[in-house]
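Student: The following file, query-v2.cif, comprises mmCIF, C-alpha atoms:
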```cif
data_upload
#
loop_
_atom_site.group_PDB
_atom_site.id
_atom_site.type_symbol
_atom_site.label_atom_id
_atom_site.label_comp_id
_atom_site.auth_asym_id
_atom_site.auth_seq_id
_atom_site.Cartn_x
_atom_site.Cartn_y
_atom_site.Cartn_z
ATOM 1 C CA MET A 1 0.000 0.000 0.000
ATOM 2 C CA ALA A 2 1.318 3.433 -0.899
ATOM 3 C CA LYS A 3 2.211 5.883 1.813
ATOM 4 C CA ARG A 4 0.120 9.059 1.783
ATOM 5 C CA ASP A 5 1.911 12.345 1.590
ATOM 6 C CA HIS A 6 0.981 14.926 4.134
ATOM 7 C CA ILE A 7 1.631 18.549 4.853
ATOM 8 C CA ASP A 8 2.531 19.889 8.258
ATOM 9 C CA VAL A 9 1.558 23.473 8.963
ATOM 10 C CA GLY A 10 3.224 25.190 11.866
ATOM 11 C CA PHE A 11 2.745 28.655 13.255
ATOM 12 C CA GLN A 12 5.614 30.794 14.348
ATOM 13 C CA GLY A 13 5.034 33.558 16.846
ATOM 14 C CA MET A 14 2.334 31.828 18.850
ATOM 15 C CA LYS A 15 3.812 33.104 22.128
ATOM 16 C CA GLU A 16 3.756 36.665 20.820
ATOM 17 C CA LEU A 17 0.178 36.286 19.601
ATOM 18 C CA GLU A 18 -0.892 34.837 22.933
ATOM 19 C CA GLN A 19 0.764 37.741 24.747
ATOM 20 C CA LEU A 20 -0.985 40.224 22.427
ATOM 21 C CA PHE A 21 -4.366 38.680 23.302
ATOM 22 C CA GLU A 22 -3.562 38.758 27.013
ATOM 23 C CA GLU A 23 -2.586 42.444 26.897
ATOM 24 C CA MET A 24 -5.454 43.483 24.622
ATOM 25 C CA PRO A 25 -8.011 44.430 27.314
ATOM 26 C CA GLU A 26 -5.594 46.809 29.085
ATOM 27 C CA ASN A 27 -4.362 48.237 25.786
ATOM 28 C CA PHE A 28 -7.917 48.699 24.546
ATOM 29 C CA GLU A 29 -8.931 50.615 27.652
ATOM 30 C CA ALA A 30 -5.874 52.886 27.582
ATOM 31 C CA ILE A 31 -6.271 53.560 23.859
ATOM 32 C CA ALA A 32 -10.017 54.196 24.151
ATOM 33 C CA ILE A 33 -9.500 56.627 27.039
ATOM 34 C CA GLU A 34 -6.827 58.510 25.104
ATOM 35 C CA GLU A 35 -8.854 58.672 21.895
ATOM 36 C CA MET A 36 -12.123 59.587 23.617
ATOM 37 C CA THR A 37 -10.391 62.352 25.571
ATOM 38 C CA MET A 38 -9.151 63.847 22.303
ATOM 39 C CA TYR A 39 -12.654 63.573 20.820
ATOM 40 C CA GLY A 40 -14.131 65.288 23.875
ATOM 41 C CA LYS A 41 -11.706 68.184 23.415
ATOM 42 C CA LEU A 42 -12.813 68.479 19.778
ATOM 43 C CA VAL A 43 -16.486 68.627 20.822
ATOM 44 C CA GLU A 44 -15.528 71.227 23.443
ATOM 45 C CA GLU A 45 -13.855 73.301 20.729
ATOM 46 C CA GLY A 46 -16.965 73.020 18.573
ATOM 47 C CA ALA A 47 -19.372 73.886 21.379
ATOM 48 C CA LYS A 48 -17.338 76.974 22.254
ATOM 49 C CA ALA A 49 -17.277 78.008 18.608
ATOM 50 C CA LEU A 50 -21.035 77.509 18.256
ATOM 51 C CA VAL A 51 -22.331 78.914 21.554
ATOM 52 C CA HIS A 52 -23.885 82.364 21.760
ATOM 53 C CA HIS A 53 -21.412 85.120 22.489
ATOM 54 C CA ASP A 54 -22.358 88.237 24.380
ATOM 55 C CA GLU A 55 -20.013 88.674 27.325
ATOM 56 C CA GLY A 56 -18.235 85.331 26.783
ATOM 57 C CA ASP A 57 -19.220 83.851 30.157
ATOM 58 C CA LEU A 58 -21.244 81.029 28.629
ATOM 59 C CA GLU A 59 -18.430 80.179 26.216
ATOM 60 C CA ASP A 60 -15.910 80.140 29.080
ATOM 61 C CA SER A 61 -18.127 77.800 31.116
ATOM 62 C CA ILE A 62 -17.938 74.967 28.562
ATOM 63 C CA SER A 63 -15.424 72.238 29.329
ATOM 64 C CA PHE A 64 -14.943 68.503 28.879
ATOM 65 C CA ASP A 65 -13.139 66.188 31.277
ATOM 66 C CA GLU A 66 -10.723 63.445 30.358
ATOM 67 C CA ALA A 67 -12.403 60.174 29.488
ATOM 68 C CA LYS A 68 -12.584 57.600 32.260
ATOM 69 C CA ARG A 69 -13.895 54.149 32.966
ATOM 70 C CA VAL A 70 -17.261 54.113 34.723
ATOM 71 C CA GLY A 71 -18.424 50.574 35.410
ATOM 72 C CA GLN A 72 -18.320 48.697 32.116
ATOM 73 C CA GLU A 73 -18.213 51.871 30.021
ATOM 74 C CA ILE A 74 -15.644 54.445 29.046
ATOM 75 C CA VAL A 75 -17.193 57.899 29.103
ATOM 76 C CA VAL A 76 -16.167 61.463 28.456
ATOM 77 C CA GLU A 77 -18.303 64.042 30.211
ATOM 78 C CA GLY A 78 -18.612 67.672 29.339
ATOM 79 C CA GLY A 79 -20.868 70.628 29.018
ATOM 80 C CA SER A 80 -21.431 73.901 30.791
ATOM 81 C CA SER A 81 -21.584 74.673 34.477
ATOM 82 C CA SER A 82 -23.854 77.637 33.772
ATOM 83 C CA VAL A 83 -27.569 77.303 34.542
ATOM 84 C CA TYR A 84 -28.077 79.693 31.632
ATOM 85 C CA ALA A 85 -26.597 77.162 29.181
ATOM 86 C CA TRP A 86 -29.621 74.865 29.100
ATOM 87 C CA ARG A 87 -31.917 77.807 28.413
ATOM 88 C CA ARG A 88 -29.710 79.108 25.593
ATOM 89 C CA HIS A 89 -29.449 75.615 24.132
ATOM 90 C CA GLU A 90 -33.160 74.762 24.187
ATOM 91 C CA GLU A 91 -35.164 77.979 24.087
ATOM 92 C CA PRO A 92 -36.690 78.707 20.668
ATOM 93 C CA TYR A 93 -35.465 81.740 18.765
ATOM 94 C CA ARG A 94 -37.511 84.881 19.254
ATOM 95 C CA PRO A 95 -38.335 86.258 15.821
ATOM 96 C CA GLY A 96 -37.881 89.894 14.974
ATOM 97 C CA THR A 97 -35.547 92.663 16.046
ATOM 98 C CA HIS A 98 -35.147 93.499 19.730
ATOM 99 C CA THR A 99 -33.330 95.961 21.949
ATOM 100 C CA LYS A 100 -30.645 94.944 24.430
ATOM 101 C CA TYR A 101 -30.585 96.584 27.862
ATOM 102 C CA ASP A 102 -27.326 96.290 29.802
ATOM 103 C CA ASN A 103 -26.432 98.218 32.973
ATOM 104 C CA GLY A 104 -28.701 101.121 32.046
ATOM 105 C CA ALA A 105 -27.503 101.238 28.446
ATOM 106 C CA LYS A 106 -29.887 100.676 25.563
ATOM 107 C CA TYR A 107 -28.758 99.035 22.320
ATOM 108 C CA PRO A 108 -31.567 99.262 19.759
ATOM 109 C CA ARG A 109 -31.922 96.491 17.176
ATOM 110 C CA TYR A 110 -29.218 94.428 18.938
ATOM 111 C CA TYR A 111 -30.973 91.057 18.584
ATOM 112 C CA LEU A 112 -32.041 89.728 15.198
ATOM 113 C CA ASN A 113 -34.205 86.594 15.228
ATOM 114 C CA GLY A 114 -32.790 85.439 18.549
ATOM 115 C CA ARG A 115 -29.101 86.118 17.910
ATOM 116 C CA GLY A 116 -27.207 89.132 19.224
ATOM 117 C CA ARG A 117 -24.725 91.149 17.190
ATOM 118 C CA ARG A 118 -21.697 89.387 18.672
ATOM 119 C CA THR A 119 -23.153 85.959 17.955
ATOM 120 C CA LEU A 120 -24.003 87.014 14.415
ATOM 121 C CA THR A 121 -20.365 88.011 13.813
ATOM 122 C CA LYS A 122 -18.972 84.644 14.954
ATOM 123 C CA ALA A 123 -17.740 82.424 12.146
ATOM 124 C CA ARG A 124 -19.435 79.174 11.226
ATOM 125 C CA TRP A 125 -17.821 76.011 12.559
ATOM 126 C CA ARG A 126 -17.829 73.066 10.188
ATOM 127 C CA GLY A 127 -20.853 74.460 8.406
ATOM 128 C CA TYR A 128 -22.923 75.244 11.508
ATOM 129 C CA LYS A 129 -23.948 78.753 12.593
ATOM 130 C CA PRO A 130 -23.410 79.792 16.216
ATOM 131 C CA GLY A 131 -26.623 79.858 18.207
ATOM 132 C CA ARG A 132 -29.142 77.456 19.701
ATOM 133 C CA LYS A 133 -28.391 73.730 19.935
ATOM 134 C CA PHE A 134 -24.661 74.518 20.119
ATOM 135 C CA MET A 135 -23.823 71.264 21.936
ATOM 136 C CA GLN A 136 -25.907 69.091 19.626
ATOM 137 C CA ASN A 137 -24.479 70.834 16.579
ATOM 138 C CA ALA A 138 -20.914 70.320 17.841
ATOM 139 C CA ILE A 139 -21.643 66.592 18.109
ATOM 140 C CA ASN A 140 -23.343 66.516 14.697
ATOM 141 C CA ALA A 141 -20.388 68.340 13.133
ATOM 142 C CA THR A 142 -17.937 65.788 14.539
ATOM 143 C CA GLU A 143 -19.758 62.593 13.542
ATOM 144 C CA ALA A 144 -17.066 61.647 10.999
ATOM 145 C CA ASP A 145 -14.396 62.295 13.649
ATOM 146 C CA TYR A 146 -16.264 59.995 16.039
ATOM 147 C CA ASN A 147 -16.339 57.216 13.445
ATOM 148 C CA SER A 148 -12.632 57.720 12.688
ATOM 149 C CA MET A 149 -11.879 57.587 16.411
ATOM 150 C CA ASN A 150 -13.608 54.210 16.707
ATOM 151 C CA GLU A 151 -11.606 52.883 13.751
ATOM 152 C CA ARG A 152 -8.348 54.139 15.306
ATOM 153 C CA ILE A 153 -9.226 52.465 18.617
ATOM 154 C CA ARG A 154 -9.857 49.184 16.794
ATOM 155 C CA ASP A 155 -6.723 49.409 14.648
ATOM 156 C CA ARG A 156 -4.424 50.488 17.451
ATOM 157 C CA THR A 157 -5.739 47.730 19.719
ATOM 158 C CA LEU A 158 -5.303 45.040 17.084
ATOM 159 C CA GLU A 159 -1.810 46.287 16.279
ATOM 160 C CA GLY A 160 -0.836 46.051 19.941
ATOM 161 C CA ASP A 161 -0.230 49.777 20.246
ATOM 162 C CA SER A 162 0.176 50.417 23.945
ATOM 163 C CA LYS A 163 0.798 54.137 23.594
#
```
Reformat the file's structure so that it appears as C-alpha cells.
Tutor:
Amino acid sequence: MAKRDHIDVGFQGMKELEQLFEEMPENFEAIAIEEMTMYGKLVEEGAKALVHHDEGDLEDSISFDEAKRVGQEIVVEGGSSSVYAWRRHEEPYRPGTHTKYDNGAKYPRYYLNGRGRRTLTKARWRGYKPGRKFMQNAINATEADYNSMNERIRDRTLEGDSK
C-alpha cells in the first residue's frame, strides 16, 4: 500500500500572539480613554465656537473632562456649568428685532431673530452657525471624527499599540 503524503503546517510567533491577546483588554482601555479624551476636546472646541457670544461667560463655562472608565463603560463628560446654558441651548429663537438693555444702556436692534450682534459676527464652525443647539451641533459636526476615532481604537488595539 502506498504511503500518503501529508503537509505539516506550523505557526511561528504563537507566544507573541498569545501575549498580544492577554494584553489586549488593558491596551484597549488605555487607547479608548486617550482617543475619547481627544474627541471630547474636539467637541468642546466646537461647542465653544457655536455657543452664543455676548459677554463670553457662557463660552468660558464649557469644558470637557478626560475620558474615564465608569463601570463597564468608558465615558467622556462635558458641558457647561452655567444654569443659563440649558436655556440658551433649548429655548426657541424669538423672531424679529429686539433691543438689548445692559447696565442702564440701551442698544436698539441688537438682537435679530434670537441672535445678538456678537453671535451674528462669529464664524461658522464646520458648516454650523453659532446659536441654539450649540452642543448638539458640535456633536453633529464631529460625527465623521467619532467614526474615525472608533476605527483608530480598533486598529491600534489590534496592532498592539500600547501608547
Student: Could you check the closest approach to Tyr146 in chain A for each of A:Leu58, A:Met24, A:Ile33, A:Leu42 and tell me which residue wins, using all atoms listed in the file?
Tutor: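 Residue with the minimum atom-to-atom distance to Tyr146 in chain A: A:Leu42.
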Student: With distances taken over all atoms listed in the file, which residue among A:Ile62, A:Pro92, A:Pro25, A:Leu158 lies nearest Ala49 in chain A?
Tutor: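 Using all atoms listed in the file, the shortest distance to Ala49 in chain A belongs to A:Ile62.
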Student: Let me have the centre and edge lengths of the axis-aligned box enclosing all listed atoms of range 62-70 of chain A with 5 Å padding on every side, in Å to one decimal, as AutoDock Vina command-line options.
Tutor:
```
--center_x -14.3 --center_y 64.5 --center_z 31.6 --size_x 17.2 --size_y 30.9 --size_z 16.2
```
Student: Residues picked by the PyMOL selection byres ((chain A and resi 116) around 10) here, as a PyMOL selection string?
Tutor: chain A and resi 52-54+97-100+109-115+117-121+131
Student: Record the distance separating CA of Gly46 in chain A and CA of Tyr101 in chain A, expressed in Å with one decimal.
Tutor: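 According to the coordinates, CA of Gly46 in chain A and CA of Tyr101 in chain A are separated by 28.8 Å.
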Student: Can you work out which one of A:Tyr84, A:Tyr107, A:Phe64, A:Tyr39 has the shortest atom-to-atom distance to Ala141 in chain A, counting all atoms listed in the file?
Tutor: A:Tyr39
Student: Counting all atoms listed in the file, which of A:Gly56, A:Lys122, A:Lys133, A:Glu73 gets nearest to Trp86 in chain A?
Tutor: A:Lys133
Student: Taking only C-alpha atoms into account, which of A:Glu91, A:Ala32, A:Ala105, A:Asp57 comes nearest Arg154 in chain A?
Tutor: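 Looking only at the distances to Arg154 in chain A, the closest residue turns out to be A:Ala32.
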Student: Spell out the residues picked by the PyMOL selection byres ((chain A and resi 81) around 9) here, as a ChimeraX atom specification.
Tutor: /A:58,61-63,79-80,82-85
Student: Could you check which of A:Glu55, A:Arg156, A:Ala30, A:Lys48 is closest to Ala123 in chain A, using all atoms listed in the file?
Tutor: A:Lys48
Student: Name the residues that the PyMOL selection byres ((chain A and resi 68) around 10) picks from the file above, as a PDB file with C-alpha atoms, keeping the file's coordinate frame, using the file's chain letters and numbers.
Tutor:
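Written out: result_26.pdb:
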```
ATOM      1  CA  GLU A  29      -8.931  50.615  27.652  1.00  0.00           C
ATOM      2  CA  ALA A  30      -5.874  52.886  27.582  1.00  0.00           C
ATOM      3  CA  ALA A  32     -10.017  54.196  24.151  1.00  0.00           C
ATOM      4  CA  ILE A  33      -9.500  56.627  27.039  1.00  0.00           C
ATOM      5  CA  GLU A  34      -6.827  58.510  25.104  1.00  0.00           C
ATOM      6  CA  MET A  36     -12.123  59.587  23.617  1.00  0.00           C
ATOM      7  CA  THR A  37     -10.391  62.352  25.571  1.00  0.00           C
ATOM      8  CA  ASP A  65     -13.139  66.188  31.277  1.00  0.00           C
ATOM      9  CA  GLU A  66     -10.723  63.445  30.358  1.00  0.00           C
ATOM     10  CA  ALA A  67     -12.403  60.174  29.488  1.00  0.00           C
ATOM     11  CA  ARG A  69     -13.895  54.149  32.966  1.00  0.00           C
ATOM     12  CA  VAL A  70     -17.261  54.113  34.723  1.00  0.00           C
ATOM     13  CA  GLY A  71     -18.424  50.574  35.410  1.00  0.00           C
ATOM     14  CA  GLU A  73     -18.213  51.871  30.021  1.00  0.00           C
ATOM     15  CA  ILE A  74     -15.644  54.445  29.046  1.00  0.00           C
ATOM     16  CA  VAL A  75     -17.193  57.899  29.103  1.00  0.00           C
ATOM     17  CA  VAL A  76     -16.167  61.463  28.456  1.00  0.00           C
ATOM     18  CA  GLU A  77     -18.303  64.042  30.211  1.00  0.00           C
TER      19      GLU A  77
END
```
Student: Grab the CA of Arg124 in chain A to CA of Glu59 in chain A distance for me, in Å with one decimal place.
Tutor: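 Answer for the CA of Arg124 in chain A to CA of Glu59 in chain A separation: 15.1 Å.
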Student: Please compute the CA of Asn137 in chain A-CA of Glu151 in chain A distance, one decimal, in Å.
Tutor: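 About the pair CA of Asn137 in chain A and CA of Glu151 in chain A: they are 22.3 Å apart.
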